[in-house]
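Structure below is run_11.csv: CSV, C-alpha atoms and all ligand atoms.
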chain,number,residue,atom,x,y,z
A,22,MET,CA,-21.6,-16.0,-6.2
A,23,ALA,CA,-19.3,-14.1,-8.5
A,24,VAL,CA,-15.7,-15.2,-8.4
A,25,VAL,CA,-13.5,-12.4,-7.2
A,26,THR,CA,-10.0,-12.5,-8.6
A,27,ASP,CA,-6.8,-10.7,-7.9
A,28,ARG,CA,-3.3,-10.6,-9.3
A,29,ASP,CA,-1.0,-12.9,-7.4
A,30,ARG,CA,1.8,-11.0,-5.8
A,31,ASN,CA,4.5,-13.4,-6.8
A,32,GLY,CA,3.5,-15.0,-10.0
A,33,GLY,CA,1.3,-12.3,-11.5
A,34,PHE,CA,-1.4,-14.8,-12.5
A,35,VAL,CA,-5.0,-14.6,-11.6
A,36,ARG,CA,-6.4,-16.8,-8.9
A,37,PRO,CA,-9.8,-17.1,-7.3
A,38,LEU,CA,-10.2,-15.7,-3.8
A,39,SER,CA,-11.7,-17.6,-0.9
A,40,ILE,CA,-14.8,-16.2,0.9
A,41,ALA,CA,-12.5,-15.0,3.7
A,42,GLU,CA,-10.2,-13.2,1.3
A,43,SER,CA,-13.1,-11.8,-0.6
A,44,VAL,CA,-14.7,-10.4,2.6
A,45,HIS,CA,-11.4,-8.9,3.6
A,46,GLU,CA,-11.0,-7.3,0.2
A,47,ARG,CA,-14.4,-5.7,0.3
A,48,ILE,CA,-14.0,-4.3,3.8
A,49,TYR,CA,-10.5,-3.2,2.9
A,50,GLU,CA,-11.7,-1.2,-0.1
A,51,ARG,CA,-14.5,0.4,1.9
A,52,ILE,CA,-12.0,1.6,4.5
A,53,MET,CA,-9.4,2.7,1.9
A,54,SER,CA,-12.0,4.6,-0.1
A,55,LEU,CA,-13.4,6.3,3.1
A,56,GLU,CA,-16.8,4.8,2.4
A,57,ILE,CA,-16.2,3.6,6.0
A,58,PRO,CA,-14.8,6.9,7.3
A,59,PRO,CA,-11.9,7.1,9.8
A,60,GLY,CA,-13.1,6.6,13.3
A,61,ALA,CA,-16.5,5.1,12.3
A,62,ARG,CA,-17.8,2.1,14.2
A,63,ILE,CA,-17.8,-1.2,12.2
A,64,PRO,CA,-20.6,-3.4,13.6
A,65,ILE,CA,-19.9,-7.1,12.8
A,66,ASP,CA,-23.5,-8.2,12.5
A,67,GLY,CA,-24.5,-5.3,10.2
A,68,LEU,CA,-21.5,-5.8,8.0
A,69,ALA,CA,-22.2,-9.6,7.8
A,70,ARG,CA,-25.8,-8.9,6.7
A,71,GLU,CA,-24.7,-6.3,4.1
A,72,LEU,CA,-22.1,-8.6,2.6
A,73,ASN,CA,-24.5,-11.6,2.9
A,74,VAL,CA,-22.0,-13.8,4.7
A,75,SER,CA,-21.9,-15.3,8.2
A,76,GLN,CA,-20.1,-13.4,11.0
A,77,THR,CA,-17.1,-15.7,11.0
A,78,PRO,CA,-15.3,-14.4,7.8
A,79,VAL,CA,-16.2,-10.8,8.9
A,80,ARG,CA,-14.4,-11.4,12.3
A,81,GLU,CA,-11.5,-13.0,10.5
A,82,ALA,CA,-11.2,-10.0,8.1
A,83,LEU,CA,-11.4,-7.5,11.0
A,84,THR,CA,-8.7,-9.3,12.9
A,85,ARG,CA,-6.4,-9.2,9.9
A,86,LEU,CA,-7.3,-5.5,9.2
A,87,GLU,CA,-6.4,-4.8,12.9
A,88,ARG,CA,-2.9,-6.3,12.3
A,89,GLU,CA,-2.7,-4.1,9.2
A,90,GLY,CA,-3.5,-1.1,11.3
A,91,LEU,CA,-6.7,-0.1,9.4
A,92,VAL,CA,-9.1,-0.9,12.2
A,93,GLN,CA,-9.0,-0.8,16.0
A,94,LYS,CA,-10.7,-2.8,18.6
A,95,ALA,CA,-11.9,-1.3,21.9
A,96,HIS,CA,-13.3,-3.1,24.9
A,97,LEU,CA,-17.1,-3.1,24.9
A,98,ILE,CA,-17.2,-0.9,21.8
A,99,GLY,CA,-15.9,-3.3,19.2
A,100,TYR,CA,-14.3,-2.4,15.9
A,101,SER,CA,-13.9,1.0,14.3
A,102,ALA,CA,-11.9,2.3,11.4
A,103,SER,CA,-8.5,3.7,12.5
A,104,PRO,CA,-8.4,7.5,12.7
A,105,GLN,CA,-6.8,9.4,9.9
A,106,LEU,CA,-3.2,10.3,10.4
A,107,THR,CA,-2.7,13.6,12.2
A,108,ARG,CA,-0.4,16.2,10.6
A,109,LYS,CA,2.3,15.3,13.1
A,110,GLU,CA,2.1,11.6,12.4
A,111,PHE,CA,2.2,12.3,8.7
A,112,ASP,CA,5.3,14.5,9.1
A,113,ASP,CA,7.0,11.9,11.3
A,114,LEU,CA,6.2,9.1,8.8
A,115,TYR,CA,7.7,11.0,5.9
A,116,LYS,CA,10.9,11.9,7.9
A,117,PHE,CA,11.1,8.2,8.7
A,118,ARG,CA,10.7,7.3,5.0
A,119,LEU,CA,13.3,9.8,4.0
A,120,LEU,CA,15.8,8.3,6.4
A,121,LEU,CA,15.4,4.8,5.2
A,122,GLU,CA,14.2,4.6,1.7
A,123,PRO,CA,16.8,6.6,-0.3
A,124,GLU,CA,19.6,4.8,1.4
A,125,SER,CA,17.9,1.4,0.8
A,126,ALA,CA,17.6,2.4,-2.9
A,127,ARG,CA,21.3,3.0,-3.0
A,128,GLN,CA,22.0,-0.4,-1.3
A,129,ALA,CA,19.6,-2.1,-3.7
A,130,CYS,CA,21.4,-0.6,-6.7
A,131,LEU,CA,24.7,-1.9,-5.4
A,132,ASN,CA,23.2,-5.4,-4.9
A,133,LEU,CA,21.3,-5.6,-8.2
A,134,THR,CA,21.5,-8.7,-10.4
A,135,PRO,CA,19.6,-9.0,-13.7
A,136,GLU,CA,17.1,-11.2,-11.9
A,137,THR,CA,16.4,-8.8,-9.1
A,138,LEU,CA,16.2,-5.9,-11.5
A,139,ALA,CA,13.6,-7.8,-13.5
A,140,ARG,CA,11.6,-8.4,-10.4
A,141,ILE,CA,11.6,-4.7,-9.5
A,142,GLU,CA,10.7,-3.8,-13.1
A,143,GLY,CA,7.9,-6.4,-13.0
A,144,ALA,CA,6.5,-4.8,-9.7
A,145,ALA,CA,6.7,-1.4,-11.4
A,146,SER,CA,4.8,-2.5,-14.5
A,147,ASP,CA,2.1,-4.3,-12.4
A,148,MET,CA,1.0,-0.8,-11.4
A,149,GLU,CA,0.1,0.1,-14.9
A,150,LYS,CA,-1.5,-3.1,-16.2
A,151,GLY,CA,-4.2,-5.4,-15.1
A,152,GLU,CA,-7.9,-5.2,-15.9
A,153,PRO,CA,-9.5,-1.8,-15.9
A,154,PRO,CA,-10.6,-1.1,-12.3
A,155,VAL,CA,-14.4,-1.3,-11.8
A,156,ASP,CA,-14.6,1.9,-9.9
A,157,ARG,CA,-12.5,4.5,-8.1
A,158,ASN,CA,-12.4,2.5,-4.9
A,159,SER,CA,-10.7,-0.5,-6.5
A,160,ARG,CA,-8.4,1.8,-8.5
A,161,TYR,CA,-7.0,3.4,-5.5
A,162,SER,CA,-6.7,0.4,-3.3
A,163,ARG,CA,-5.1,-1.6,-6.1
A,164,PHE,CA,-2.6,1.2,-6.7
A,165,ALA,CA,-1.8,1.4,-3.0
A,166,ARG,CA,-0.9,-2.3,-2.9
A,167,ALA,CA,1.0,-2.3,-6.1
A,168,ASP,CA,3.0,0.7,-4.9
A,169,ALA,CA,3.7,-1.0,-1.5
A,170,HIS,CA,4.8,-4.1,-3.3
A,171,PHE,CA,7.2,-2.1,-5.6
A,172,HIS,CA,8.8,-0.3,-2.6
A,173,ASP,CA,9.1,-3.6,-0.7
A,174,GLU,CA,10.8,-5.3,-3.7
A,175,ILE,CA,13.5,-2.6,-3.5
A,176,MET,CA,13.8,-3.2,0.3
A,177,LYS,CA,14.2,-6.9,-0.4
A,178,VAL,CA,17.1,-6.3,-2.7
A,179,ALA,CA,18.6,-3.8,-0.3
A,180,ASP,CA,18.8,-6.9,2.0
A,181,ASN,CA,18.6,-5.4,5.5
A,182,ALA,CA,15.9,-7.4,7.3
A,183,THR,CA,15.8,-4.9,10.2
A,184,VAL,CA,15.1,-1.9,8.0
A,185,ARG,CA,12.6,-3.8,5.9
A,186,GLN,CA,10.7,-4.9,9.0
A,187,ALA,CA,10.7,-1.4,10.4
A,188,MET,CA,9.1,-0.1,7.2
A,189,ASN,CA,6.5,-2.9,7.0
A,190,ASP,CA,5.5,-2.4,10.6
A,191,GLN,CA,4.3,1.1,9.8
A,192,HIS,CA,1.8,0.0,7.1
A,193,ILE,CA,2.7,3.3,5.5
A,194,HIS,CA,0.9,2.9,2.3
A,195,LEU,CA,-2.4,1.9,3.8
A,196,HIS,CA,-2.5,5.1,5.8
A,197,ILE,CA,-1.1,7.3,3.1
A,198,PHE,CA,-3.6,6.1,0.5
A,199,ARG,CA,-6.5,6.9,2.7
A,200,LEU,CA,-5.2,10.5,2.8
A,201,MET,CA,-4.8,10.8,-0.9
A,202,PHE,CA,-8.1,9.4,-1.9
A,203,HIS,CA,-9.2,12.5,-3.5
A,204,SER,CA,-6.0,13.6,-5.1
A,205,ARG,CA,-4.3,12.9,-8.4
A,206,VAL,CA,-1.3,10.9,-7.5
A,207,THR,CA,-0.9,7.9,-9.7
A,208,GLN,CA,0.6,9.3,-12.9
A,209,GLU,CA,3.2,11.5,-11.2
A,210,ALA,CA,4.3,8.6,-9.0
A,211,LEU,CA,4.7,6.4,-12.0
A,212,GLU,CA,7.0,8.9,-13.7
A,213,GLU,CA,9.1,9.1,-10.5
A,214,HIS,CA,9.3,5.3,-10.4
A,215,GLU,CA,10.6,5.4,-14.0
A,216,HIS,CA,13.5,7.7,-12.9
A,217,LEU,CA,14.4,5.3,-10.2
A,218,LEU,CA,14.3,2.4,-12.6
A,219,ALA,CA,16.5,4.3,-15.0
A,220,ALA,CA,19.1,4.7,-12.2
A,221,PHE,CA,18.9,1.0,-11.4
A,222,ARG,CA,19.4,0.1,-15.0
A,223,ALA,CA,22.4,2.4,-15.2
A,224,GLY,CA,23.8,0.9,-12.0
A,225,ASP,CA,24.1,4.4,-10.6
A,226,ALA,CA,23.7,4.1,-6.9
A,227,ASP,CA,23.9,7.8,-6.1
A,228,ALA,CA,21.2,8.5,-8.8
A,229,ALA,CA,19.1,5.8,-7.2
A,230,TYR,CA,19.4,7.5,-3.8
A,231,GLU,CA,18.4,10.9,-5.4
A,232,ALA,CA,15.5,9.4,-7.3
A,233,MET,CA,14.0,7.8,-4.3
A,234,HIS,CA,14.6,10.9,-2.2
A,235,ASP,CA,12.9,13.0,-4.9
A,236,HIS,CA,10.0,10.5,-5.1
A,237,ILE,CA,9.3,10.5,-1.4
A,238,SER,CA,9.6,14.3,-1.1
A,239,ARG,CA,7.2,14.8,-3.9
A,240,SER,CA,4.8,12.3,-2.6
A,241,ARG,CA,4.9,14.2,0.8
A,242,ASP,CA,4.2,17.5,-1.0
A,243,ARG,CA,1.3,16.1,-3.0
A,244,LEU,CA,-0.3,14.6,0.1
A,245,VAL,CA,0.2,17.5,2.5
A,246,ALA,CA,-2.7,19.2,0.7
A,247,ALA,CA,-5.0,16.7,2.5
A,248,PHE,CA,-4.4,18.7,5.7
A,249,GLU,CA,-5.2,22.1,4.2
B,1,ZN,ZN,6.1,4.8,-5.0
Now, as a test, write the supplied structure out as structure tokens.
Amino acid sequence: MAVVTDRDRNGGFVRPLSIAESVHERIYERIMSLEIPPGARIPIDGLARELNVSQTPVREALTRLEREGLVQKAHLIGYSASPQLTRKEFDDLYKFRLLLEPESARQACLNLTPETLARIEGAASDMEKGEPPVDRNSRYSRFARADAHFHDEIMKVADNATVRQAMNDQHIHLHIFRLMFHSRVTQEALEEHEHLLAAFRAGDADAAYEAMHDHISRSRDRLVAAFE
């Protein structure tokens, strides 16, 4: 069996994945890329056969994906991919982000140390490096996770556990990135992250607020096309 590897979130080094992790990864990418479309049933036995593994790691992966909000389990029906966000849910989610993230960027800027700035910069550069993605699916799901990690690093430095938990509970990036699967998002988002980093480096908390507000507003405007 080929060894699947991934970048470690903390250290940035490459480590082998266990079978359970590798199965999770493969189902995750199929859901993120819409190869398993929103609302579609996910039969455990069929998936286990296709992935050539026993049902146990598939069940484990689905349990984890349920916690992450990407699949749902219904009595007698079993697992299915979560439905795509509705327009209302999308609007609510972006209002929520705009309430919390710009202010968190301001707080993070006020709390920054050389070490925490380096961590945030490391998370930002993780989005641009790494091995070339094997296909479109892995490109998008990798970007989704790297972006979530970057935003979470800022939340950590902002140091409000309640706000950070509220953000994480929404699994925002997982849902958003299913929406944007067919759009060109990555390059523009990277440029916006650069503006934010420039504000952090300058220690300008108001500029950090503005840069995050701008990033999230633009992200909303790019994605809203998915509903048209
Ligand atoms: Zn971002």
**Asked** Looking at only C-alpha atoms and all ligand atoms, which of A:Asp168, A:Glu71, A:Asp235, A:Glu212 is the one that sits closest to ligand ZN 1 (chain B)?
**Response** A:Asp168
**Prompt:** With only C-alpha atoms and all ligand atoms as the basis for distance, which of A:Leu38, A:Ile175, A:Leu55, A:Val74 is at the shortest distance from ligand ZN 1 (chain B)?
**Reply:**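 Nearest candidate to ligand ZN 1 (chain B) out of A:Leu38, A:Ile175, A:Leu55, A:Val74: A:Ile175.
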Ligand ZN 1 (chain B): which residues are within 12 Å, counting only C-alpha atoms and all ligand atoms, as a CSV table (one decimal) with C-alpha atoms, keeping the file's coordinate frame?
chain,number,residue,atom,x,y,z
A,118,ARG,CA,10.7,7.3,5.0
A,122,GLU,CA,14.2,4.6,1.7
A,123,PRO,CA,16.8,6.6,-0.3
A,126,ALA,CA,17.6,2.4,-2.9
A,141,ILE,CA,11.6,-4.7,-9.5
A,144,ALA,CA,6.5,-4.8,-9.7
A,145,ALA,CA,6.7,-1.4,-11.4
A,148,MET,CA,1.0,-0.8,-11.4
A,164,PHE,CA,-2.6,1.2,-6.7
A,165,ALA,CA,-1.8,1.4,-3.0
A,166,ARG,CA,-0.9,-2.3,-2.9
A,167,ALA,CA,1.0,-2.3,-6.1
A,168,ASP,CA,3.0,0.7,-4.9
A,169,ALA,CA,3.7,-1.0,-1.5
A,170,HIS,CA,4.8,-4.1,-3.3
A,171,PHE,CA,7.2,-2.1,-5.6
A,172,HIS,CA,8.8,-0.3,-2.6
A,173,ASP,CA,9.1,-3.6,-0.7
A,174,GLU,CA,10.8,-5.3,-3.7
A,175,ILE,CA,13.5,-2.6,-3.5
A,193,ILE,CA,2.7,3.3,5.5
A,194,HIS,CA,0.9,2.9,2.3
A,197,ILE,CA,-1.1,7.3,3.1
A,198,PHE,CA,-3.6,6.1,0.5
A,206,VAL,CA,-1.3,10.9,-7.5
A,207,THR,CA,-0.9,7.9,-9.7
A,208,GLN,CA,0.6,9.3,-12.9
A,209,GLU,CA,3.2,11.5,-11.2
A,210,ALA,CA,4.3,8.6,-9.0
A,211,LEU,CA,4.7,6.4,-12.0
A,212,GLU,CA,7.0,8.9,-13.7
A,213,GLU,CA,9.1,9.1,-10.5
A,214,HIS,CA,9.3,5.3,-10.4
A,215,GLU,CA,10.6,5.4,-14.0
A,216,HIS,CA,13.5,7.7,-12.9
A,217,LEU,CA,14.4,5.3,-10.2
A,218,LEU,CA,14.3,2.4,-12.6
A,232,ALA,CA,15.5,9.4,-7.3
A,233,MET,CA,14.0,7.8,-4.3
A,234,HIS,CA,14.6,10.9,-2.2
A,235,ASP,CA,12.9,13.0,-4.9
A,236,HIS,CA,10.0,10.5,-5.1
A,237,ILE,CA,9.3,10.5,-1.4
A,238,SER,CA,9.6,14.3,-1.1
A,239,ARG,CA,7.2,14.8,-3.9
A,240,SER,CA,4.8,12.3,-2.6
A,241,ARG,CA,4.9,14.2,0.8
**Request:** Between A:Asp147, A:Thr137, A:Ala182, A:Glu142, single out the one closest to Arg163 of chain A, counting all atoms listed in the file.
**Result:** A:Asp147
**Message:** I'd like the neighbourhood of segment 127-133 of chain A as a PyMOL selection string, where a residue qualifies if any of its atoms comes within 9 Å (using only C-alpha atoms), though same-chain residues fewer than 3 positions away should be ignored.
**Reply:** chain A and resi 122-124+136-138+175-180+220-222+224-231+233
Under the rule of at most 12 Å, produce a per-residue listing of segment 157-191 of chain A near segment 80-104 of chain A: chain, number, name, the closest pair of atoms, and the distance in Å, as a tab-separated table, using only C-alpha atoms.
residue	atom	partner	partner_atom	distance
A:Asn189	CA	A:Glu89	CA	9.5
A:Asp190	CA	A:Glu89	CA	8.5
A:Gln191	CA	A:Gly90	CA	8.2
**Asked** Between atom CA of Leu200 of chain A and atom CA of Val79 of chain A, what is the spacing in Å?
**Response** 24.7 Å
**Asked** What gap, in Å, lies between atom CA of Gly60 of chain A and atom CA of Ala187 of chain A?
**Response** 25.3 Å
